[in-house]
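Just protein06.txt here, compact mmCIF, N, CA and C atoms:
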```txt
# COMPACT_ATOMS: atom_id res chain seq x y z
N MET A 552 15.62 -0.57 31.00
CA MET A 552 15.72 -1.90 30.45
C MET A 552 14.36 -2.57 30.54
N SER A 553 13.98 -3.25 29.52
CA SER A 553 12.68 -3.90 29.53
C SER A 553 12.83 -5.36 29.93
N GLU A 554 11.68 -5.96 30.24
CA GLU A 554 11.68 -7.37 30.62
C GLU A 554 12.25 -8.20 29.48
N GLY A 555 13.02 -9.22 29.82
CA GLY A 555 13.63 -10.06 28.81
C GLY A 555 15.05 -9.64 28.49
N GLU A 556 15.43 -8.41 28.88
CA GLU A 556 16.80 -7.97 28.66
C GLU A 556 17.68 -8.44 29.80
N ALA A 557 18.99 -8.36 29.58
CA ALA A 557 19.91 -8.82 30.61
C ALA A 557 21.10 -7.87 30.70
N VAL A 558 21.70 -7.87 31.89
CA VAL A 558 22.93 -7.13 32.12
C VAL A 558 24.08 -8.07 31.78
N GLN A 559 25.03 -7.59 31.00
CA GLN A 559 26.20 -8.37 30.63
C GLN A 559 27.36 -7.99 31.53
N VAL A 560 28.09 -9.01 32.00
CA VAL A 560 29.28 -8.80 32.80
C VAL A 560 30.41 -9.55 32.12
N GLU A 561 31.55 -8.88 31.92
CA GLU A 561 32.71 -9.53 31.30
C GLU A 561 33.89 -9.46 32.24
N ALA A 562 34.38 -10.63 32.65
CA ALA A 562 35.53 -10.72 33.55
C ALA A 562 36.81 -10.81 32.72
N ALA A 563 37.93 -10.62 33.40
CA ALA A 563 39.23 -10.68 32.71
C ALA A 563 39.68 -12.13 32.50
N ARG A 564 39.32 -13.01 33.46
CA ARG A 564 39.77 -14.39 33.39
C ARG A 564 38.64 -15.33 33.82
N ILE A 565 38.76 -16.60 33.46
CA ILE A 565 37.75 -17.58 33.81
C ILE A 565 37.59 -17.73 35.33
N PRO A 566 38.68 -17.83 36.12
CA PRO A 566 38.49 -17.96 37.57
C PRO A 566 37.75 -16.75 38.17
N ASP A 567 38.01 -15.57 37.64
CA ASP A 567 37.32 -14.36 38.12
C ASP A 567 35.83 -14.44 37.79
N ARG A 568 35.54 -14.91 36.59
CA ARG A 568 34.14 -15.06 36.17
C ARG A 568 33.43 -16.05 37.07
N ASP A 569 34.08 -17.16 37.36
CA ASP A 569 33.46 -18.20 38.19
C ASP A 569 33.16 -17.69 39.60
N ARG A 570 34.10 -16.96 40.17
CA ARG A 570 33.90 -16.44 41.54
C ARG A 570 32.79 -15.39 41.55
N LEU A 571 32.80 -14.49 40.58
CA LEU A 571 31.76 -13.47 40.51
C LEU A 571 30.39 -14.11 40.25
N LEU A 572 30.36 -15.11 39.41
CA LEU A 572 29.11 -15.82 39.14
C LEU A 572 28.55 -16.41 40.44
N GLN A 573 29.40 -17.01 41.23
CA GLN A 573 28.98 -17.57 42.52
C GLN A 573 28.44 -16.47 43.43
N GLU A 574 29.13 -15.35 43.51
CA GLU A 574 28.70 -14.25 44.36
C GLU A 574 27.35 -13.69 43.92
N LEU A 575 27.15 -13.55 42.62
CA LEU A 575 25.88 -13.02 42.10
C LEU A 575 24.73 -13.97 42.41
N ARG A 576 24.99 -15.27 42.26
CA ARG A 576 23.95 -16.27 42.56
C ARG A 576 23.61 -16.28 44.04
N GLU A 577 24.64 -16.16 44.89
CA GLU A 577 24.41 -16.13 46.33
C GLU A 577 23.62 -14.89 46.74
N ALA A 578 23.69 -13.84 45.92
CA ALA A 578 22.92 -12.61 46.18
C ALA A 578 21.49 -12.73 45.66
N GLY A 579 21.15 -13.90 45.11
CA GLY A 579 19.78 -14.13 44.67
C GLY A 579 19.51 -13.80 43.21
N LEU A 580 20.56 -13.53 42.44
CA LEU A 580 20.37 -13.23 41.02
C LEU A 580 20.46 -14.51 40.20
N GLU A 581 19.74 -14.54 39.10
CA GLU A 581 19.74 -15.72 38.23
C GLU A 581 20.83 -15.57 37.18
N ALA A 582 22.05 -15.39 37.64
CA ALA A 582 23.19 -15.20 36.74
C ALA A 582 23.57 -16.53 36.10
N ARG A 583 24.06 -16.44 34.85
CA ARG A 583 24.52 -17.65 34.17
C ARG A 583 25.76 -17.33 33.35
N ALA A 584 26.64 -18.31 33.25
CA ALA A 584 27.86 -18.15 32.46
C ALA A 584 27.52 -18.18 30.98
N VAL A 585 28.19 -17.31 30.22
CA VAL A 585 28.02 -17.26 28.77
C VAL A 585 29.42 -17.17 28.18
N GLY A 586 29.80 -18.16 27.39
CA GLY A 586 31.15 -18.14 26.82
C GLY A 586 32.19 -18.36 27.91
N GLU A 587 33.42 -17.94 27.63
CA GLU A 587 34.51 -18.18 28.56
C GLU A 587 34.55 -17.23 29.75
N VAL A 588 34.31 -15.94 29.53
CA VAL A 588 34.50 -14.98 30.61
C VAL A 588 33.29 -14.07 30.84
N CYS A 589 32.17 -14.40 30.26
CA CYS A 589 30.99 -13.53 30.37
C CYS A 589 29.94 -14.13 31.31
N ILE A 590 29.17 -13.22 31.88
CA ILE A 590 28.02 -13.57 32.73
C ILE A 590 26.84 -12.77 32.24
N GLU A 591 25.68 -13.40 32.22
CA GLU A 591 24.45 -12.72 31.85
C GLU A 591 23.52 -12.76 33.06
N VAL A 592 23.00 -11.57 33.42
CA VAL A 592 22.10 -11.46 34.57
C VAL A 592 20.77 -10.89 34.07
N PRO A 593 19.69 -11.66 34.13
CA PRO A 593 18.39 -11.13 33.69
C PRO A 593 18.05 -9.85 34.43
N ALA A 594 17.53 -8.88 33.70
CA ALA A 594 17.16 -7.58 34.28
C ALA A 594 16.02 -7.76 35.26
N ARG A 595 16.11 -7.05 36.37
CA ARG A 595 15.04 -7.03 37.37
C ARG A 595 14.24 -5.76 37.18
N ASP A 596 13.19 -5.64 37.94
CA ASP A 596 12.38 -4.42 37.90
C ASP A 596 13.12 -3.30 38.60
N ALA A 597 13.94 -2.59 37.85
CA ALA A 597 14.69 -1.46 38.38
C ALA A 597 14.91 -0.49 37.24
N GLU A 598 15.10 0.77 37.58
CA GLU A 598 15.31 1.77 36.54
C GLU A 598 16.56 1.43 35.73
N ASP A 599 17.65 1.08 36.41
CA ASP A 599 18.88 0.67 35.74
C ASP A 599 19.44 -0.53 36.49
N PRO A 600 19.04 -1.75 36.10
CA PRO A 600 19.47 -2.93 36.84
C PRO A 600 20.98 -3.14 36.81
N SER A 601 21.67 -2.56 35.83
CA SER A 601 23.12 -2.73 35.80
C SER A 601 23.77 -2.06 37.00
N ASP A 602 23.13 -1.02 37.58
CA ASP A 602 23.66 -0.40 38.80
C ASP A 602 23.66 -1.40 39.96
N ASP A 603 22.60 -2.20 40.07
CA ASP A 603 22.52 -3.21 41.13
C ASP A 603 23.62 -4.27 40.94
N VAL A 604 23.80 -4.71 39.70
CA VAL A 604 24.81 -5.73 39.42
C VAL A 604 26.21 -5.14 39.64
N LEU A 605 26.41 -3.88 39.26
CA LEU A 605 27.70 -3.22 39.49
C LEU A 605 28.03 -3.18 40.98
N ALA A 606 27.06 -2.84 41.81
CA ALA A 606 27.28 -2.78 43.25
C ALA A 606 27.65 -4.17 43.80
N LEU A 607 26.97 -5.20 43.33
CA LEU A 607 27.29 -6.56 43.76
C LEU A 607 28.68 -6.98 43.29
N ALA A 608 29.04 -6.58 42.08
CA ALA A 608 30.37 -6.90 41.56
C ALA A 608 31.45 -6.22 42.40
N GLU A 609 31.22 -4.97 42.76
CA GLU A 609 32.18 -4.25 43.61
C GLU A 609 32.34 -4.96 44.95
N ASP A 610 31.23 -5.36 45.56
CA ASP A 610 31.28 -6.07 46.84
C ASP A 610 32.04 -7.39 46.71
N ALA A 611 31.80 -8.13 45.62
CA ALA A 611 32.48 -9.40 45.40
C ALA A 611 33.98 -9.20 45.24
N ILE A 612 34.36 -8.19 44.50
CA ILE A 612 35.78 -7.91 44.28
C ILE A 612 36.46 -7.56 45.60
N ILE A 613 35.79 -6.76 46.42
CA ILE A 613 36.36 -6.40 47.72
C ILE A 613 36.48 -7.64 48.60
N SER A 614 35.46 -8.49 48.64
CA SER A 614 35.50 -9.67 49.50
C SER A 614 36.56 -10.67 49.04
N ILE A 615 36.78 -10.75 47.73
CA ILE A 615 37.80 -11.64 47.19
C ILE A 615 39.20 -11.08 47.44
N GLY A 616 39.28 -9.75 47.46
CA GLY A 616 40.58 -9.11 47.59
C GLY A 616 41.33 -9.05 46.28
N ALA A 617 40.59 -9.15 45.19
CA ALA A 617 41.21 -9.15 43.87
C ALA A 617 41.55 -7.73 43.42
N PRO A 618 42.64 -7.59 42.69
CA PRO A 618 43.03 -6.26 42.21
C PRO A 618 42.31 -5.90 40.90
N PHE A 619 40.99 -5.85 40.95
CA PHE A 619 40.21 -5.54 39.75
C PHE A 619 39.27 -4.38 40.01
N VAL A 620 38.86 -3.76 38.93
CA VAL A 620 37.96 -2.62 39.00
C VAL A 620 36.78 -2.89 38.06
N PRO A 621 35.54 -2.83 38.58
CA PRO A 621 34.39 -2.97 37.68
C PRO A 621 34.08 -1.63 37.03
N VAL A 622 33.88 -1.66 35.72
CA VAL A 622 33.59 -0.45 34.96
C VAL A 622 32.33 -0.70 34.14
N LYS A 623 31.34 0.18 34.27
CA LYS A 623 30.10 0.06 33.50
C LYS A 623 30.20 0.93 32.26
N HIS A 624 29.92 0.32 31.11
CA HIS A 624 29.94 1.06 29.85
C HIS A 624 28.81 0.54 28.96
N GLU A 625 27.87 1.41 28.67
CA GLU A 625 26.74 1.09 27.79
C GLU A 625 26.03 -0.19 28.20
N GLY A 626 25.74 -0.32 29.50
CA GLY A 626 24.96 -1.44 29.99
C GLY A 626 25.74 -2.72 30.25
N THR A 627 27.02 -2.73 29.89
CA THR A 627 27.87 -3.89 30.16
C THR A 627 28.83 -3.54 31.27
N ILE A 628 29.09 -4.48 32.16
CA ILE A 628 30.03 -4.27 33.25
C ILE A 628 31.28 -5.08 32.93
N TYR A 629 32.41 -4.38 32.85
CA TYR A 629 33.69 -5.01 32.56
C TYR A 629 34.50 -5.08 33.85
N ILE A 630 35.03 -6.25 34.17
CA ILE A 630 35.87 -6.45 35.34
C ILE A 630 37.30 -6.52 34.84
N ARG A 631 38.09 -5.47 35.12
CA ARG A 631 39.43 -5.36 34.56
C ARG A 631 40.45 -4.98 35.62
N PRO A 632 41.72 -5.28 35.35
CA PRO A 632 42.77 -4.78 36.26
C PRO A 632 42.79 -3.25 36.21
N PRO A 633 43.20 -2.62 37.31
CA PRO A 633 43.26 -1.15 37.30
C PRO A 633 44.32 -0.65 36.32
N THR A 634 44.09 0.48 35.73
CA THR A 634 45.09 1.08 34.84
C THR A 634 45.96 2.01 35.66
N SER A 635 47.20 2.11 35.27
CA SER A 635 48.10 2.97 36.04
C SER A 635 48.29 4.31 35.38
```
Encoded form using structure tokens:
Amino acid sequence: MSEGEAVQVEAARIPDRDRLLQELREAGLEARAVGEVCIEVPARDAEDPSDDVLALAEDAIISIGAPFVPVKHEGTIYIRPPTS
């Protein structure tokens, strides 16, 4: 990812987006809300910055105790309920 690009995160619901947004900001990322359920995180100097954001999303989901699973697909991280 080059400078100026961003990692996209899409939550299932607005409250989930808000909590994850708070967690990402507390981790020192310049995350911002985009639309109703999306978050945009500016890319950092890393080979694949979405891996860093994915790890933070996993940690946030565990700390919240929410029944969601973060899935990375083509640079976007989707926060969804688990499939059975």
**Q.** Counting only C-alpha atoms, the residue of A:Ile613, A:Ile565, A:Val622, A:Leu607 that sits nearest Gly579 (chain A)
**A.**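 Among A:Ile613, A:Ile565, A:Val622, A:Leu607, it is A:Leu607 that comes nearest to Gly579 (chain A).
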Q. If you measure from atom C of Glu556 (chain A) to atom N of Ala617 (chain A), what distance in Å do you get, rounded to one decimal?
A. 27.6 Å
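Our summary of the geometry notes that CA of Ala557 (chain A) is positioned 8.3 Å from atom N of Ser601 (chain A).
Taking only chain A, the residues that DSSP calls strand (DSSP E) from the backbone come to A:Ala557, A:Val558, A:Gln559, A:Val560, A:Glu561, A:Arg583, A:Ala584, A:Val585, A:Cys589, A:Ile590, A:Glu591, A:Val592, A:Pro593, A:Val620, A:Pro621, A:Val622, A:Lys623, A:His624, A:Thr627, A:Ile628, A:Tyr629, A:Ile630, A:Arg631.
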Q. Using all atoms listed in the file, which residues sit within 8 Å of Arg568 (chain A) once same-chain residues fewer than 3 positions away are excluded, as a count of residues only?
A. 15
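Using only N, CA and C atoms, the nearest neighbour of Leu580 (chain A) within the list A:Ile628, A:Ala608, A:Pro593, A:Lys623 is A:Pro593.
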Q: Find the distance between CA of Ala582 (chain A) and CA of Pro618 (chain A) and write it in Å to one decimal.
A: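 CA of Pro618 (chain A) lies 22.4 Å from CA of Ala582 (chain A).
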Q: Any chance you could list, as a ChimeraX atom specification, the residues in chain A that come up helix (DSSP H, G or I) when DSSP is run on the backbone?
A: /A:565-577,600-615
Let's have the selection written as a PDB file, in the frame of the given file, with N, CA and C atoms.
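Final output, part.pdb:
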```
ATOM      1  N   ILE A 565      38.760 -16.600  33.460  1.00  0.00           N
ATOM      2  CA  ILE A 565      37.750 -17.580  33.810  1.00  0.00           C
ATOM      3  C   ILE A 565      37.590 -17.730  35.330  1.00  0.00           C
ATOM      4  N   PRO A 566      38.680 -17.830  36.120  1.00  0.00           N
ATOM      5  CA  PRO A 566      38.490 -17.960  37.570  1.00  0.00           C
ATOM      6  C   PRO A 566      37.750 -16.750  38.170  1.00  0.00           C
ATOM      7  N   ASP A 567      38.010 -15.570  37.640  1.00  0.00           N
ATOM      8  CA  ASP A 567      37.320 -14.360  38.120  1.00  0.00           C
ATOM      9  C   ASP A 567      35.830 -14.440  37.790  1.00  0.00           C
ATOM     10  N   ARG A 568      35.540 -14.910  36.590  1.00  0.00           N
ATOM     11  CA  ARG A 568      34.140 -15.060  36.170  1.00  0.00           C
ATOM     12  C   ARG A 568      33.430 -16.050  37.070  1.00  0.00           C
ATOM     13  N   ASP A 569      34.080 -17.160  37.360  1.00  0.00           N
ATOM     14  CA  ASP A 569      33.460 -18.200  38.190  1.00  0.00           C
ATOM     15  C   ASP A 569      33.160 -17.690  39.600  1.00  0.00           C
ATOM     16  N   ARG A 570      34.100 -16.960  40.170  1.00  0.00           N
ATOM     17  CA  ARG A 570      33.900 -16.440  41.540  1.00  0.00           C
ATOM     18  C   ARG A 570      32.790 -15.390  41.550  1.00  0.00           C
ATOM     19  N   LEU A 571      32.800 -14.490  40.580  1.00  0.00           N
ATOM     20  CA  LEU A 571      31.760 -13.470  40.510  1.00  0.00           C
ATOM     21  C   LEU A 571      30.390 -14.110  40.250  1.00  0.00           C
ATOM     22  N   LEU A 572      30.360 -15.110  39.410  1.00  0.00           N
ATOM     23  CA  LEU A 572      29.110 -15.820  39.140  1.00  0.00           C
ATOM     24  C   LEU A 572      28.550 -16.410  40.440  1.00  0.00           C
ATOM     25  N   GLN A 573      29.400 -17.010  41.230  1.00  0.00           N
ATOM     26  CA  GLN A 573      28.980 -17.570  42.520  1.00  0.00           C
ATOM     27  C   GLN A 573      28.440 -16.470  43.430  1.00  0.00           C
ATOM     28  N   GLU A 574      29.130 -15.350  43.510  1.00  0.00           N
ATOM     29  CA  GLU A 574      28.700 -14.250  44.360  1.00  0.00           C
ATOM     30  C   GLU A 574      27.350 -13.690  43.920  1.00  0.00           C
ATOM     31  N   LEU A 575      27.150 -13.550  42.620  1.00  0.00           N
ATOM     32  CA  LEU A 575      25.880 -13.020  42.100  1.00  0.00           C
ATOM     33  C   LEU A 575      24.730 -13.970  42.410  1.00  0.00           C
ATOM     34  N   ARG A 576      24.990 -15.270  42.260  1.00  0.00           N
ATOM     35  CA  ARG A 576      23.950 -16.270  42.560  1.00  0.00           C
ATOM     36  C   ARG A 576      23.610 -16.280  44.040  1.00  0.00           C
ATOM     37  N   GLU A 577      24.640 -16.160  44.890  1.00  0.00           N
ATOM     38  CA  GLU A 577      24.410 -16.130  46.330  1.00  0.00           C
ATOM     39  C   GLU A 577      23.620 -14.890  46.740  1.00  0.00           C
ATOM     40  N   PRO A 600      19.040  -1.750  36.100  1.00  0.00           N
ATOM     41  CA  PRO A 600      19.470  -2.930  36.840  1.00  0.00           C
ATOM     42  C   PRO A 600      20.980  -3.140  36.810  1.00  0.00           C
ATOM     43  N   SER A 601      21.670  -2.560  35.830  1.00  0.00           N
ATOM     44  CA  SER A 601      23.120  -2.730  35.800  1.00  0.00           C
ATOM     45  C   SER A 601      23.770  -2.060  37.000  1.00  0.00           C
ATOM     46  N   ASP A 602      23.130  -1.020  37.580  1.00  0.00           N
ATOM     47  CA  ASP A 602      23.660  -0.400  38.800  1.00  0.00           C
ATOM     48  C   ASP A 602      23.660  -1.400  39.960  1.00  0.00           C
ATOM     49  N   ASP A 603      22.600  -2.200  40.070  1.00  0.00           N
ATOM     50  CA  ASP A 603      22.520  -3.210  41.130  1.00  0.00           C
ATOM     51  C   ASP A 603      23.620  -4.270  40.940  1.00  0.00           C
ATOM     52  N   VAL A 604      23.800  -4.710  39.700  1.00  0.00           N
ATOM     53  CA  VAL A 604      24.810  -5.730  39.420  1.00  0.00           C
ATOM     54  C   VAL A 604      26.210  -5.140  39.640  1.00  0.00           C
ATOM     55  N   LEU A 605      26.410  -3.880  39.260  1.00  0.00           N
ATOM     56  CA  LEU A 605      27.700  -3.220  39.490  1.00  0.00           C
ATOM     57  C   LEU A 605      28.030  -3.180  40.980  1.00  0.00           C
ATOM     58  N   ALA A 606      27.060  -2.840  41.810  1.00  0.00           N
ATOM     59  CA  ALA A 606      27.280  -2.780  43.250  1.00  0.00           C
ATOM     60  C   ALA A 606      27.650  -4.170  43.800  1.00  0.00           C
ATOM     61  N   LEU A 607      26.970  -5.200  43.330  1.00  0.00           N
ATOM     62  CA  LEU A 607      27.290  -6.560  43.760  1.00  0.00           C
ATOM     63  C   LEU A 607      28.680  -6.980  43.290  1.00  0.00           C
ATOM     64  N   ALA A 608      29.040  -6.580  42.080  1.00  0.00           N
ATOM     65  CA  ALA A 608      30.370  -6.900  41.560  1.00  0.00           C
ATOM     66  C   ALA A 608      31.450  -6.220  42.400  1.00  0.00           C
ATOM     67  N   GLU A 609      31.220  -4.970  42.760  1.00  0.00           N
ATOM     68  CA  GLU A 609      32.180  -4.250  43.610  1.00  0.00           C
ATOM     69  C   GLU A 609      32.340  -4.960  44.950  1.00  0.00           C
ATOM     70  N   ASP A 610      31.230  -5.360  45.560  1.00  0.00           N
ATOM     71  CA  ASP A 610      31.280  -6.070  46.840  1.00  0.00           C
ATOM     72  C   ASP A 610      32.040  -7.390  46.710  1.00  0.00           C
ATOM     73  N   ALA A 611      31.800  -8.130  45.620  1.00  0.00           N
ATOM     74  CA  ALA A 611      32.480  -9.400  45.400  1.00  0.00           C
ATOM     75  C   ALA A 611      33.980  -9.200  45.240  1.00  0.00           C
ATOM     76  N   ILE A 612      34.360  -8.190  44.500  1.00  0.00           N
ATOM     77  CA  ILE A 612      35.780  -7.910  44.280  1.00  0.00           C
ATOM     78  C   ILE A 612      36.460  -7.560  45.600  1.00  0.00           C
ATOM     79  N   ILE A 613      35.790  -6.760  46.420  1.00  0.00           N
ATOM     80  CA  ILE A 613      36.360  -6.400  47.720  1.00  0.00           C
ATOM     81  C   ILE A 613      36.480  -7.640  48.600  1.00  0.00           C
ATOM     82  N   SER A 614      35.460  -8.490  48.640  1.00  0.00           N
ATOM     83  CA  SER A 614      35.500  -9.670  49.500  1.00  0.00           C
ATOM     84  C   SER A 614      36.560 -10.670  49.040  1.00  0.00           C
ATOM     85  N   ILE A 615      36.780 -10.750  47.730  1.00  0.00           N
ATOM     86  CA  ILE A 615      37.800 -11.640  47.190  1.00  0.00           C
ATOM     87  C   ILE A 615      39.200 -11.080  47.440  1.00  0.00           C
TER      88      ILE A 615
END
```
Q. Out of A:Val585, A:Leu575, A:Tyr629, A:Thr634, which residue has the shortest atom-to-atom distance to Ala611 (chain A) when counting all atoms listed in the file?
A.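 Nearest candidate to Ala611 (chain A) out of A:Val585, A:Leu575, A:Tyr629, A:Thr634: A:Leu575.
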Using all atoms of region 575-585 of chain A that appear in the file, construct an axis-aligned enclosing box with 8 Å of padding on every side and provide its centre coordinates and edge lengths in Å, rounded to one decimal, as AutoDock Vina command-line options.
```
--center_x 24.5 --center_y -15.5 --center_z 37.5 --size_x 25.9 --size_y 21.7 --size_z 34.6
```
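Shortest separation to Pro632 (chain A) among A:Leu605, A:Ala594, A:Val620, A:Ala578 occurs at residue A:Val620, atoms counted being only N, CA and C atoms.
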